[in-house]
>>> print(open('protein31.cif').read())   # mmCIF, C-alpha atoms
data_upload
loop_
_atom_site.group_PDB
_atom_site.id
_atom_site.type_symbol
_atom_site.label_atom_id
_atom_site.label_comp_id
_atom_site.auth_asym_id
_atom_site.auth_seq_id
_atom_site.Cartn_x
_atom_site.Cartn_y
_atom_site.Cartn_z
ATOM 1 C CA HIS A 1 0.000 0.000 0.000
ATOM 2 C CA GLN A 2 2.880 2.388 0.741
ATOM 3 C CA ARG A 3 6.222 2.341 -1.022
ATOM 4 C CA ASN A 4 8.370 2.282 2.116
ATOM 5 C CA TRP A 5 6.368 -0.630 3.487
ATOM 6 C CA GLN A 6 6.882 -2.527 0.235
ATOM 7 C CA LYS A 7 10.637 -1.979 0.406
ATOM 8 C CA ASN A 8 10.784 -3.083 4.030
ATOM 9 C CA ALA A 9 8.674 -6.147 3.219
ATOM 10 C CA ALA A 10 11.071 -7.164 0.432
ATOM 11 C CA VAL A 11 14.070 -6.799 2.741
ATOM 12 C CA ALA A 12 12.228 -8.798 5.414
ATOM 13 C CA ARG A 13 11.731 -11.622 2.904
ATOM 14 C CA TYR A 14 15.447 -11.502 2.047
ATOM 15 C CA ILE A 15 16.410 -11.683 5.750
ATOM 16 C CA ASP A 16 14.114 -14.670 6.346
ATOM 17 C CA CYS A 17 15.531 -16.574 3.381
ATOM 18 C CA SER A 18 19.122 -15.708 4.298
ATOM 19 C CA MET A 19 18.685 -16.992 7.851
ATOM 20 C CA PHE A 20 16.986 -20.123 6.542
ATOM 21 C CA ARG A 21 19.901 -20.797 4.155
ATOM 22 C CA GLU A 22 22.496 -20.163 6.859
ATOM 23 C CA GLU A 23 20.659 -22.579 9.115
ATOM 24 C CA ASN A 24 20.618 -25.309 6.463
ATOM 25 C CA LYS A 25 24.253 -24.739 5.575
ATOM 26 C CA ALA A 26 25.202 -24.998 9.257
ATOM 27 C CA ILE A 27 23.337 -28.288 9.528
ATOM 28 C CA ASP A 28 25.127 -29.654 6.423
ATOM 29 C CA LEU A 29 28.519 -28.660 7.840
ATOM 30 C CA GLY A 30 27.719 -29.930 11.322
ATOM 31 C CA ILE A 31 28.126 -26.462 12.841
ATOM 32 C CA SER A 32 26.074 -25.672 15.918
ATOM 33 C CA GLY A 33 25.217 -22.458 17.738
ATOM 34 C CA ILE A 34 24.158 -20.257 14.799
ATOM 35 C CA ILE A 35 20.728 -21.704 14.072
ATOM 36 C CA PRO A 36 18.194 -18.844 14.518
ATOM 37 C CA SER A 37 14.944 -19.241 16.390
ATOM 38 C CA PRO A 38 11.765 -19.451 14.248
ATOM 39 C CA LYS A 39 10.338 -16.672 16.424
ATOM 40 C CA ILE A 40 12.414 -14.087 14.603
ATOM 41 C CA ARG A 41 10.939 -14.881 11.188
ATOM 42 C CA LEU A 42 9.643 -11.636 9.715
ATOM 43 C CA CYS A 43 7.151 -12.792 7.070
ATOM 44 C CA VAL A 44 4.085 -15.014 6.984
ATOM 45 C CA GLU A 45 5.417 -16.862 3.925
ATOM 46 C CA GLU A 46 7.794 -19.782 4.371
ATOM 47 C CA PRO A 47 11.446 -18.981 3.503
ATOM 48 C CA TYR A 48 13.105 -20.901 0.669
ATOM 49 C CA LEU A 49 16.561 -22.163 -0.268
ATOM 50 C CA ALA A 50 16.861 -21.297 -3.966
ATOM 51 C CA ALA A 51 15.496 -18.611 -6.286
ATOM 52 C CA GLU A 52 13.482 -21.118 -8.317
ATOM 53 C CA ASP A 53 11.718 -22.200 -5.113
ATOM 54 C CA GLY A 54 10.685 -18.601 -4.540
ATOM 55 C CA GLU A 55 9.309 -18.270 -8.075
ATOM 56 C CA SER A 56 7.196 -21.392 -7.677
ATOM 57 C CA ARG A 57 5.672 -20.087 -4.452
ATOM 58 C CA LYS A 58 4.646 -16.641 -5.673
ATOM 59 C CA VAL A 59 1.304 -17.786 -7.011
ATOM 60 C CA HIS A 60 0.374 -19.264 -3.641
ATOM 61 C CA SER A 61 0.985 -16.077 -1.653
ATOM 62 C CA VAL A 62 -1.184 -13.667 -3.659
ATOM 63 C CA ASP A 63 -4.233 -13.997 -1.403
ATOM 64 C CA MET A 64 -2.474 -14.437 1.925
ATOM 65 C CA GLY A 65 -3.177 -10.777 2.882
ATOM 66 C CA ARG A 66 -5.307 -10.305 5.956
ATOM 67 C CA LYS A 67 -6.487 -13.947 6.139
ATOM 68 C CA ASN A 68 -3.119 -15.023 7.527
ATOM 69 C CA ASN A 69 -2.754 -12.092 9.894
ATOM 70 C CA ASP A 70 -4.964 -12.611 12.919
ATOM 71 C CA SER A 71 -4.647 -8.999 14.048
ATOM 72 C CA LEU A 72 -6.031 -7.769 10.698
ATOM 73 C CA ASP A 73 -8.677 -10.451 10.167
ATOM 74 C CA THR A 74 -11.575 -8.408 11.546
ATOM 75 C CA LEU A 75 -12.091 -4.730 12.204
ATOM 76 C CA SER A 76 -12.812 -5.494 15.857
ATOM 77 C CA SER A 77 -9.479 -7.292 16.263
ATOM 78 C CA MET A 78 -7.740 -4.419 14.466
ATOM 79 C CA ALA A 79 -9.364 -1.928 16.831
ATOM 80 C CA LYS A 80 -8.217 -3.913 19.862
ATOM 81 C CA SER A 81 -4.669 -4.719 18.717
ATOM 82 C CA HIS A 82 -3.964 -1.478 16.786
ATOM 83 C CA PRO A 83 -6.329 1.176 18.229
ATOM 84 C CA HIS A 84 -4.226 3.994 16.768
ATOM 85 C CA LEU A 85 -5.588 3.032 13.325
ATOM 86 C CA LEU A 86 -8.951 4.427 14.421
ATOM 87 C CA LEU A 87 -7.386 7.903 14.321
ATOM 88 C CA SER A 88 -7.345 7.710 10.514
ATOM 89 C CA PRO A 89 -10.460 5.794 9.364
ATOM 90 C CA ILE A 90 -9.563 5.632 5.666
ATOM 91 C CA GLU A 91 -6.157 4.136 6.456
ATOM 92 C CA MET A 92 -7.811 1.525 8.682
ATOM 93 C CA VAL A 93 -10.231 0.548 5.902
ATOM 94 C CA ASP A 94 -7.327 0.390 3.445
ATOM 95 C CA ARG A 95 -5.553 -2.101 5.689
ATOM 96 C CA PHE A 96 -8.684 -4.187 6.007
ATOM 97 C CA PHE A 97 -9.204 -4.206 2.216
ATOM 98 C CA PRO A 98 -5.618 -4.145 0.839
ATOM 99 C CA LYS A 99 -6.732 -3.785 -2.803
ATOM 100 C CA LEU A 100 -9.507 -1.263 -2.205
ATOM 101 C CA SER A 101 -10.253 1.176 -5.015
ATOM 102 C CA ARG A 102 -10.864 4.859 -4.307
ATOM 103 C CA GLU A 103 -14.004 4.432 -6.416
ATOM 104 C CA GLN A 104 -15.574 2.865 -3.316
ATOM 105 C CA TYR A 105 -15.868 6.429 -2.000
ATOM 106 C CA THR A 106 -18.306 8.825 -3.638
ATOM 107 C CA THR A 107 -18.747 12.472 -2.663
ATOM 108 C CA GLN A 108 -21.485 15.021 -3.176
ATOM 109 C CA VAL A 109 -21.186 18.815 -2.956
ATOM 110 C CA LEU A 110 -23.932 20.720 -1.124
ATOM 111 C CA GLU A 111 -24.175 24.456 -0.514
ATOM 112 C CA ILE A 112 -25.364 26.526 2.431
ATOM 113 C CA SER A 113 -25.045 30.300 2.878
ATOM 114 C CA GLY A 114 -22.834 30.463 -0.217
ATOM 115 C CA ASN A 115 -20.317 27.951 1.177
ATOM 116 C CA GLU A 116 -19.654 24.508 -0.296
ATOM 117 C CA TYR A 117 -19.735 21.412 1.901
ATOM 118 C CA TYR A 118 -19.099 17.761 1.146
ATOM 119 C CA THR A 119 -20.834 14.562 2.152
ATOM 120 C CA ALA A 120 -19.537 11.109 1.249
ATOM 121 C CA THR A 121 -20.590 7.493 0.916
ATOM 122 C CA PHE A 122 -18.432 4.408 1.352
ATOM 123 C CA ILE A 123 -19.573 1.408 -0.705
ATOM 124 C CA HIS A 124 -18.717 -2.004 0.762
ATOM 125 C CA PRO A 125 -16.593 -3.700 -1.942
ATOM 126 C CA GLU A 126 -18.140 -7.126 -1.274
ATOM 127 C CA THR A 127 -21.814 -6.396 -0.540
ATOM 128 C CA ASN A 128 -22.280 -2.931 -2.131
ATOM 129 C CA GLU A 129 -23.917 -1.701 1.095
ATOM 130 C CA LYS A 130 -23.562 2.067 1.430
ATOM 131 C CA PHE A 131 -22.381 3.916 4.544
ATOM 132 C CA SER A 132 -22.821 7.694 4.742
ATOM 133 C CA SER A 133 -20.664 10.229 6.549
ATOM 134 C CA GLY A 134 -21.177 10.350 10.302
ATOM 135 C CA ILE A 135 -20.352 12.991 12.912
ATOM 136 C CA GLY A 136 -16.939 12.336 14.419
ATOM 137 C CA ARG A 137 -16.747 11.375 18.093
ATOM 138 C CA GLU A 138 -13.813 12.140 20.407
ATOM 139 C CA LEU A 139 -11.507 9.187 21.045
ATOM 140 C CA LYS A 140 -9.423 9.007 24.213
ATOM 141 C CA LEU A 141 -6.371 7.576 22.460
ATOM 142 C CA GLU A 142 -2.728 8.595 22.447
ATOM 143 C CA SER A 143 -1.630 10.638 19.472
ATOM 144 C CA HIS A 144 0.040 8.622 16.728
ATOM 145 C CA LYS A 145 1.913 9.227 13.488
ATOM 146 C CA GLY A 146 -0.476 9.113 10.536
ATOM 147 C CA ARG A 147 -3.465 10.387 12.520
ATOM 148 C CA LEU A 148 -5.974 12.742 10.972
ATOM 149 C CA ILE A 149 -5.114 16.359 11.850
ATOM 150 C CA PRO A 150 -7.212 17.995 13.194
ATOM 151 C CA PRO A 151 -9.092 14.922 14.452
ATOM 152 C CA LEU A 152 -12.501 14.213 12.929
ATOM 153 C CA HIS A 153 -14.455 15.256 16.025
ATOM 154 C CA LEU A 154 -12.969 18.764 15.793
ATOM 155 C CA SER A 155 -13.984 19.247 12.150
ATOM 156 C CA HIS A 156 -16.647 21.753 11.245
ATOM 157 C CA VAL A 157 -19.890 19.911 10.471
ATOM 158 C CA GLU A 158 -23.169 20.955 8.888
ATOM 159 C CA VAL A 159 -26.231 18.763 8.399
ATOM 160 C CA ILE A 160 -27.874 19.615 5.075
ATOM 161 C CA ASP A 161 -31.013 17.777 3.980
ATOM 162 C CA GLY A 162 -30.307 15.114 6.585
ATOM 163 C CA LYS A 163 -26.760 14.540 5.301
ATOM 164 C CA VAL A 164 -23.656 15.096 7.427
ATOM 165 C CA CYS A 165 -21.343 17.476 5.565
ATOM 166 C CA TYR A 166 -17.732 18.585 6.015
ATOM 167 C CA THR A 167 -15.629 21.380 4.554
ATOM 168 C CA SER A 168 -13.548 18.971 2.430
ATOM 169 C CA ALA A 169 -14.207 15.814 0.436
ATOM 170 C CA SER A 170 -11.353 14.087 2.279
ATOM 171 C CA ARG A 171 -12.898 14.637 5.724
ATOM 172 C CA ALA A 172 -16.308 13.562 4.477
ATOM 173 C CA SER A 173 -14.733 10.324 3.175
ATOM 174 C CA HIS A 174 -13.004 9.716 6.518
ATOM 175 C CA ALA A 175 -16.409 10.192 8.186
ATOM 176 C CA ALA A 176 -18.011 7.628 5.850
ATOM 177 C CA ALA A 177 -15.196 5.157 6.570
ATOM 178 C CA ALA A 178 -15.735 5.784 10.295
ATOM 179 C CA ARG A 179 -19.434 4.958 9.989
ATOM 180 C CA PHE A 180 -18.559 1.732 8.164
ATOM 181 C CA ILE A 181 -16.043 0.736 10.854
ATOM 182 C CA ASP A 182 -18.557 1.316 13.667
ATOM 183 C CA CYS A 183 -21.248 -0.767 11.993
ATOM 184 C CA MET A 184 -18.927 -3.624 11.034
ATOM 185 C CA ILE A 185 -17.492 -3.907 14.549
ATOM 186 C CA LEU A 186 -21.044 -4.079 15.951
ATOM 187 C CA ARG A 187 -21.872 -6.868 13.494
ATOM 188 C CA GLU A 188 -18.706 -8.766 14.353
ATOM 189 C CA CYS A 189 -19.730 -8.604 18.018
ATOM 190 C CA GLN A 190 -23.134 -10.054 16.981
ATOM 191 C CA ASN A 191 -24.962 -8.290 19.787
ATOM 192 C CA ARG A 192 -25.185 -4.834 21.294
ATOM 193 C CA GLU A 193 -24.256 -5.945 24.821
ATOM 194 C CA LYS A 194 -20.853 -7.259 23.775
ATOM 195 C CA TYR A 195 -20.258 -4.185 21.600
ATOM 196 C CA ASP A 196 -21.077 -1.789 24.430
ATOM 197 C CA ALA A 197 -18.872 -3.726 26.845
ATOM 198 C CA ASP A 198 -15.816 -4.008 24.591
ATOM 199 C CA PHE A 199 -15.969 -1.160 22.069
ATOM 200 C CA ALA A 200 -18.094 1.696 23.425
ATOM 201 C CA ASN A 201 -14.944 3.762 24.097
ATOM 202 C CA LEU A 202 -13.664 3.109 20.555
ATOM 203 C CA ARG A 203 -16.770 4.203 18.653
ATOM 204 C CA LEU A 204 -15.883 6.704 15.947
ATOM 205 C CA CYS A 205 -19.227 8.408 15.282
ATOM 206 C CA LEU A 206 -21.905 9.994 17.450
ATOM 207 C CA GLU A 207 -24.609 8.146 15.502
ATOM 208 C CA ASP A 208 -25.501 4.658 16.732
ATOM 209 C CA PRO A 209 -24.131 1.833 14.582
ATOM 210 C CA TYR A 210 -26.639 -0.630 13.090
ATOM 211 C CA MET A 211 -26.726 -4.384 12.501
ATOM 212 C CA ASP A 212 -27.796 -4.497 8.843
ATOM 213 C CA GLU A 213 -28.676 -2.371 5.838
ATOM 214 C CA ALA A 214 -32.416 -2.424 6.504
ATOM 215 C CA GLN A 215 -31.872 -1.147 10.048
ATOM 216 C CA GLY A 216 -29.619 1.569 8.712
ATOM 217 C CA ASN A 217 -32.197 2.701 6.134
ATOM 218 C CA SER A 218 -34.898 2.938 8.804
ATOM 219 C CA GLN A 219 -32.686 4.639 11.411
ATOM 220 C CA VAL A 220 -33.902 8.050 12.567
ATOM 221 C CA VAL A 221 -31.147 10.328 13.870
ATOM 222 C CA ASN A 222 -31.806 13.450 15.967
ATOM 223 C CA TYR A 223 -29.056 15.612 14.506
ATOM 224 C CA ASP A 224 -30.017 18.661 16.564
ATOM 225 C CA ASP A 225 -28.967 16.823 19.732
ATOM 226 C CA LEU A 226 -25.888 15.286 18.125
ATOM 227 C CA LEU A 227 -24.685 18.656 16.849
ATOM 228 C CA LYS A 228 -24.991 20.102 20.349
ATOM 229 C CA SER A 229 -22.730 17.314 21.621
ATOM 230 C CA HIS A 230 -20.358 17.821 18.691
ATOM 231 C CA HIS A 231 -20.038 21.560 19.319
ATOM 232 C CA LYS A 232 -18.926 20.934 22.908
ATOM 233 C CA HIS A 233 -15.660 19.661 21.458
ATOM 234 C CA LYS A 234 -14.974 22.564 19.144
ATOM 235 C CA GLY A 235 -11.397 23.714 19.369
ATOM 236 C CA PHE A 236 -9.741 26.736 20.888
ATOM 237 C CA LYS A 237 -11.217 30.122 20.021
ATOM 238 C CA PHE A 238 -8.499 32.181 21.721
ATOM 239 C CA TRP A 239 -4.704 31.930 21.749
ATOM 240 C CA THR A 240 -4.863 32.451 25.520
ATOM 241 C CA ASN A 241 -6.638 29.072 25.801
ATOM 242 C CA ILE A 242 -3.741 27.387 24.025
ATOM 243 C CA CYS A 243 -1.125 29.090 26.206
ATOM 244 C CA LEU A 244 -2.920 28.030 29.395
ATOM 245 C CA ASP A 245 -4.201 24.591 28.441
ATOM 246 C CA LYS A 246 -1.847 23.256 25.723
ATOM 247 C CA PRO A 247 1.428 25.230 25.907
ATOM 248 C CA HIS A 248 3.382 22.443 24.189
ATOM 249 C CA LEU A 249 1.453 23.160 20.981
ATOM 250 C CA LEU A 250 3.282 26.462 20.672
ATOM 251 C CA LEU A 251 6.476 24.530 19.885
ATOM 252 C CA ARG A 252 4.960 23.675 16.492
ATOM 253 C CA CYS A 253 3.804 27.099 15.374
ATOM 254 C CA ARG A 254 2.616 26.426 11.830
ATOM 255 C CA LEU A 255 0.705 23.265 12.696
ATOM 256 C CA THR A 256 -0.884 24.952 15.706
ATOM 257 C CA LEU A 257 -1.747 27.988 13.579
ATOM 258 C CA ARG A 258 -3.470 25.832 10.962
ATOM 259 C CA ASN A 259 -5.488 23.985 13.587
ATOM 260 C CA PHE A 260 -6.372 27.215 15.405
ATOM 261 C CA LEU A 261 -7.644 28.880 12.219
ATOM 262 C CA HIS A 262 -9.586 25.745 11.382
ATOM 263 C CA TYR A 263 -11.357 25.875 14.755
ATOM 264 C CA LYS A 264 -11.820 29.636 15.059
ATOM 265 C CA TYR A 265 -13.190 30.173 11.572
ATOM 266 C CA ASP A 266 -15.371 27.058 11.397
ATOM 267 C CA GLY A 267 -13.185 25.027 9.125
ATOM 268 C CA PHE A 268 -12.508 27.542 6.367
ATOM 269 C CA ALA A 269 -8.791 27.757 7.032
ATOM 270 C CA SER A 270 -7.305 26.881 3.650
ATOM 271 C CA PHE A 271 -7.389 30.481 2.412
ATOM 272 C CA LEU A 272 -6.697 32.209 5.719
ATOM 273 C CA ASP A 273 -2.930 32.073 5.758
ATOM 274 C CA ALA A 274 -0.227 32.842 3.221
ATOM 275 C CA TYR A 275 3.539 33.054 3.507
ATOM 276 C CA ASP A 276 5.933 35.234 1.538
ATOM 277 C CA THR A 277 9.502 34.021 2.030
ATOM 278 C CA LYS A 278 12.529 35.939 0.768
ATOM 279 C CA SER A 279 16.245 35.232 0.686
ATOM 280 C CA LEU A 280 18.455 37.819 2.383
ATOM 281 C CA ASP A 281 21.733 36.865 0.718
ATOM 282 C CA ASP A 282 23.067 35.578 -2.607
ATOM 283 C CA ASN A 283 23.953 32.182 -1.154
ATOM 284 C CA ASN A 284 20.390 31.502 0.014
ATOM 285 C CA GLU A 285 21.549 30.829 3.552
ATOM 286 C CA TRP A 286 19.394 33.388 5.340
ATOM 287 C CA PHE A 287 15.663 33.858 4.895
ATOM 288 C CA THR A 288 12.847 35.945 6.285
ATOM 289 C CA SER A 289 9.149 35.345 5.933
ATOM 290 C CA THR A 290 5.910 37.278 6.215
ATOM 291 C CA PHE A 291 2.660 35.690 7.315
ATOM 292 C CA SER A 292 -0.461 37.393 5.948
ATOM 293 C CA HIS A 293 -3.816 36.906 7.645
ATOM 294 C CA SER A 294 -6.498 37.539 5.038
ATOM 295 C CA ILE A 295 -9.362 38.097 7.474
ATOM 296 C CA LEU A 296 -7.442 40.502 9.718
ATOM 297 C CA ASN A 297 -5.812 42.018 6.606
ATOM 298 C CA GLU A 298 -2.547 42.163 8.526
ATOM 299 C CA ALA A 299 0.979 40.907 7.860
ATOM 300 C CA PHE A 300 3.470 39.608 10.430
ATOM 301 C CA ASP A 301 7.232 39.392 9.842
ATOM 302 C CA SER A 302 9.519 36.640 11.185
ATOM 303 C CA GLY A 303 10.399 37.046 14.855
ATOM 304 C CA LEU A 304 13.389 35.789 16.853
#
>>> encode(input="protein31.cif", output="structure tokens")
Amino acid sequence: HQRNWQKNAAVARYIDCSMFREENKAIDLGISGIIPSPKIRLCVEEPYLAAEDGESRKVHSVDMGRKNNDSLDTLSSMAKSHPHLLLSPIEMVDRFFPKLSREQYTTQVLEISGNEYYTATFIHPETNEKFSSGIGRELKLESHKGRLIPPLHLSHVEVIDGKVCYTSASRASHAAAARFIDCMILRECQNREKYDADFANLRLCLEDPYMDEAQGNSQVVNYDDLLKSHHKHKGFKFWTNICLDKPHLLLRCRLTLRNFLHYKYDGFASFLDAYDTKSLDDNNEWFTSTFSHSILNEAFDSGL
């Protein structure tokens, strides 16, 4: 799925085969003490002695994917063993369906008060069941590389014609993936009691998950109440709040700025900031920059 993972996976296969060959050579020569433990094998596939053996086995490993990886076999097991994946719903779905096409996500543009919003639908690649964007719910999980920034529950949301809408197609798609994950985990649990006991704290959306498509189609959601709950988690409106409550965020100025503008101006942050950077010498070793705030109509030069 990602190039660096593919490279690491190829090297892992090489390491497994190299250790396997060293082990067999040691046995042939009667040498002891260098035979590695099977516990340090890196890949699911069996290692092999010669290149032709590897070629003959390729056809058998095509579908090994998630079926041979217990921790990725179900979304509920993924949520338990790798909860950080919940912080980026699309990435979690991609791991569950390794060959998933982006065509499984469809988006629709809706307009309110002259502003464009997006709602999305995720189509189950095996059953064609459709899951619409939900309202993100706060997760009490440690931050992790690859997480959605800002998190889904801090995104600006509008409900238009009964559809949950976000300020970008990407966030709407994450919200649709989140709805799918919630519903599939409930179905894997087979009953609501087990789901509530084991996964209530890992639910991604404020809407209740449902057991089947018919239940989903008949579900009535009180979005007025859900939006009130959602707005309780809106982000900082004043820099003073950040200084008092999250001072460590100030160490990453640009990221904090982007998040702050996103919260303060209800999600329309993409056009709020612009940088003009200039070189101060011919060798391009010293630079200064100006940050322009389009709403305040004010520019701020680099500080020490």
>>> axis_aligned_box(input="protein31.cif", around="segment 138-157 of chain A", padding_each_side="3 Å", output="lines of an AutoDock Vina configuration file")
center_x = -9.0
center_y = 14.7
center_z = 17.3
size_x = 27.8
size_y = 20.2
size_z = 19.7
>>> closest_residue(input="protein31.cif", among="A:Glu138, A:Glu213, A:Asp224, A:Glu45", to="Asn201 of chain A", atoms="all atoms listed in the file")
A:Glu138
>>> resolve_selection(input="protein31.cif", expression="the PyMOL selection byres ((chain A and resi 223) around 12)", output="JSON, numbers by chain")
{"A": [134, 135, 157, 158, 159, 160, 161, 162, 163, 164, 165, 206, 207, 208, 219, 220, 221, 222, 224, 225, 226, 227, 228, 229, 230, 231]}
>>> atom_distance(input="protein31.cif", atom1="atom CA of Val93 of chain A", atom2="atom CA of Ala177 of chain A")
6.8 Å
>>> atom_distance(input="protein31.cif", atom1="atom CA of Cys189 of chain A", atom2="atom CA of Leu202 of chain A")
13.4 Å
>>> atom_distance(input="protein31.cif", atom1="atom CA of Ser132 of chain A", atom2="atom CA of Asp73 of chain A")
23.6 Å
>>> residues_around(input="protein31.cif", residues="His82 of chain A", least_positions_apart="3", cutoff="12 Å", atoms="only C-alpha atoms", output="PyMOL selection string")
chain A and resi 70-72+74-79+85-88+91-92+95+141-142+144+202
>>> resolve_selection(input="protein31.cif", expression="the PyMOL selection byres ((chain A and resi 117) around 9)", output="list in words")
Gln108, Val109, Leu110, Glu111, Ile112, Asn115, Glu116, Tyr118, Thr119, Val157, Glu158, Ile160, Cys165, Tyr166, Thr167, Ser168, Ala169 and Ala172 of chain A
>>> resolve_selection(input="protein31.cif", expression="the PyMOL selection byres ((chain A and resi 185) around 12)", output="VMD selection string")
chain A and resid 73 to 80 86 178 to 184 186 to 192 194 to 196 198 to 200 202 to 204 208 to 212
>>> residues_around(input="protein31.cif", residues="Asn128 of chain A", least_positions_apart="4", cutoff="12 Å", atoms="only C-alpha atoms", output="PyMOL selection string")
chain A and resi 103-105+121-124+180+213
>>> closest_residue(input="protein31.cif", among="A:Ser113, A:Cys43, A:Arg21, A:Leu154", to="Asn8 of chain A", atoms="only C-alpha atoms")
A:Cys43
>>> closest_residue(input="protein31.cif", among="A:Glu23, A:Ser292, A:Glu129, A:Asp301", to="Lys278 of chain A", atoms="all atoms listed in the file")
A:Asp301
>>> closest_residue(input="protein31.cif", among="A:His174, A:Pro47, A:Thr288, A:Thr106", to="Asp16 of chain A", atoms="all atoms listed in the file")
A:Pro47
